[in-house]
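Below is one structure, written out as structure tokens, with a few remarks after it.
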Amino acid sequence: MRDPPRQHPKTVFIPETETEAWEQYVEEVRPNRADWKKVSHGDQEDGFEGPLKVLNSVLDSCKESFTAADENHQKSSTQWFDSTALMGLLCRHDRVLWLVNMTSPGERQHYALTLIDTLFQHLPLHFTVGILYDIACTLHRSCVRWKFLDQYINRIAFTISVFHAYGHGWQCQCVYHPRKCRGFVLQVCFRTSVQSFRFRTWT
């Protein structure tokens, strides 16, 4: 039995209904894990996914290297808690823009998609956004493969946060490391042509 919702008028929490809508959409569009593996590999030779510049085999190894990419990995139990963690979207000044309650044991892509979609709903149509995420390469491939965020995809620069970049393969780093991406600079105090945002998860 849950308490009735009490929402502050200036809350940064995205309503659960929006997160659930994205979760349902992802489950409808994307096949289950067994079928997804067949789509990823099949009997075809290694190659590139659409416009991506990193081989599928490299992206697969990145996915296997990070716990965050394993949606079935249980970081906490849902038996005792309604919310298992928080995922937040922060600006480059480390200010929280939006938060979502994570209600699944693992870190699933629909949480990140919900945050990005909410962000673009509040931005002018000409804005380009840089997303720093520890598994941005995997998220980018999902967006290309399953047409997630298709209306915004040309306005997003996917990059890996520097702290996690060196856990990726060198081919992935050459494409997704922020030092290799146009619009990102070493000093965050400088203005850039790309406004960067990043994710953070609290458990």
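Note on naming: chains are A, B, ... as they come in the structure tokens, residues start from 1 per chain, ligands start from 1 in the order shown.
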In range 144-178 of chain A, what's helix (DSSP H, G or I) per DSSP? Answer as an mmCIF file with C-alpha atoms, in the first residue's frame?
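Output below, filename states.cif:
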```cif
data_model
loop_
_atom_site.group_PDB
_atom_site.id
_atom_site.type_symbol
_atom_site.label_atom_id
_atom_site.label_comp_id
_atom_site.auth_asym_id
_atom_site.auth_seq_id
_atom_site.Cartn_x
_atom_site.Cartn_y
_atom_site.Cartn_z
ATOM 1 C CA VAL A 144 20.026 4.193 -33.937
ATOM 2 C CA ARG A 145 18.841 0.587 -34.022
ATOM 3 C CA TRP A 146 15.404 1.022 -32.477
ATOM 4 C CA ILE A 153 19.026 12.230 -32.657
ATOM 5 C CA ASN A 154 20.638 14.739 -35.050
ATOM 6 C CA ARG A 155 20.896 17.254 -32.205
ATOM 7 C CA VAL A 162 35.900 10.971 -18.729
ATOM 8 C CA PHE A 163 35.900 8.935 -15.526
ATOM 9 C CA HIS A 164 34.547 5.896 -17.414
ATOM 10 C CA ALA A 165 36.170 6.473 -20.807
ATOM 11 C CA TRP A 170 40.435 2.218 -27.739
ATOM 12 C CA GLN A 171 38.272 2.319 -30.881
ATOM 13 C CA CYS A 172 35.326 3.446 -28.761
ATOM 14 C CA GLN A 173 37.458 6.068 -27.004
ATOM 15 C CA CYS A 174 38.537 7.523 -30.356
ATOM 16 C CA VAL A 175 34.897 8.260 -31.172
ATOM 17 C CA TYR A 176 33.137 8.843 -27.839
ATOM 18 C CA PRO A 178 34.826 14.024 -24.955
#
```
Which neighbours of Tyr111 in chain A fall inside 8 Å, counting only C-alpha atoms, when residues of the same chain fewer than 6 positions from it are skipped, and could you give them as a tab-separated table (two decimals) with C-alpha atoms, in the first residue's frame?
```tsv
chain	number	residue	atom	x	y	z
A	19	THR	CA	8.88	6.79	-17.04
A	22	TRP	CA	8.96	4.98	-21.96
A	23	GLU	CA	9.45	1.58	-20.35
A	87	MET	CA	19.02	8.62	-11.88
A	100	VAL	CA	13.71	9.73	-12.06
A	102	MET	CA	14.45	3.75	-10.55
```
**Item:** Which of range 89-188 of chain A DSSP labels strand (DSSP E or B), written as a VMD selection string
**Value:** chain A and resid 89 to 91 96 to 102 129 to 132 156 to 159
**Request:** Would you mind telling me which residue in A:Pro105, A:Ala112, A:Leu97, A:Thr159 lies nearest to Lys10 in chain A when using only C-alpha atoms?
**Result:**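 Under the stated criterion, the closest residue is A:Leu97.
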**Item:** Best match for closeness to Lys53 in chain A among A:His168, A:His126, A:Arg141, A:Arg198, counting only C-alpha atoms
**Value:**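 So, comparing all the options, the nearest one is A:Arg141.
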**Message:** Considering only C-alpha atoms, can you say which of A:Gly50, A:Pro124, A:Gly183, A:Pro9 comes closest to Lys147 in chain A?
**Reply:** A:Gly50
**Item:** Ile156 in chain A environment, 6 Å, only C-alpha atoms, sequence neighbours closer than 6 positions dropped, as a PyMOL selection string
**Value:** chain A and resi 128-130
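For the atom pair formed by CA of Asn56 in chain A and CA of Cys137 in chain A, the distance is 10.4 Å, given to one decimal.
CA of Ile131 in chain A is found 12.2 Å from CA of Tyr152 in chain A.
Using only C-alpha atoms, the nearest neighbour of Ile160 in chain A within the list A:Cys62, A:Phe48, A:Leu89, A:Pro15 is A:Cys62.
Here the question is which of A:Arg95, A:His140, A:His8, A:Arg179 gets nearest to Gln109 in chain A using only C-alpha atoms, and that residue is A:His140.
Of the listed residues A:Lys180, A:Ser142, A:Thr84, A:Phe158, the one whose atoms come nearest to Pro31 in chain A is A:Ser142, with distances taken using only C-alpha atoms.
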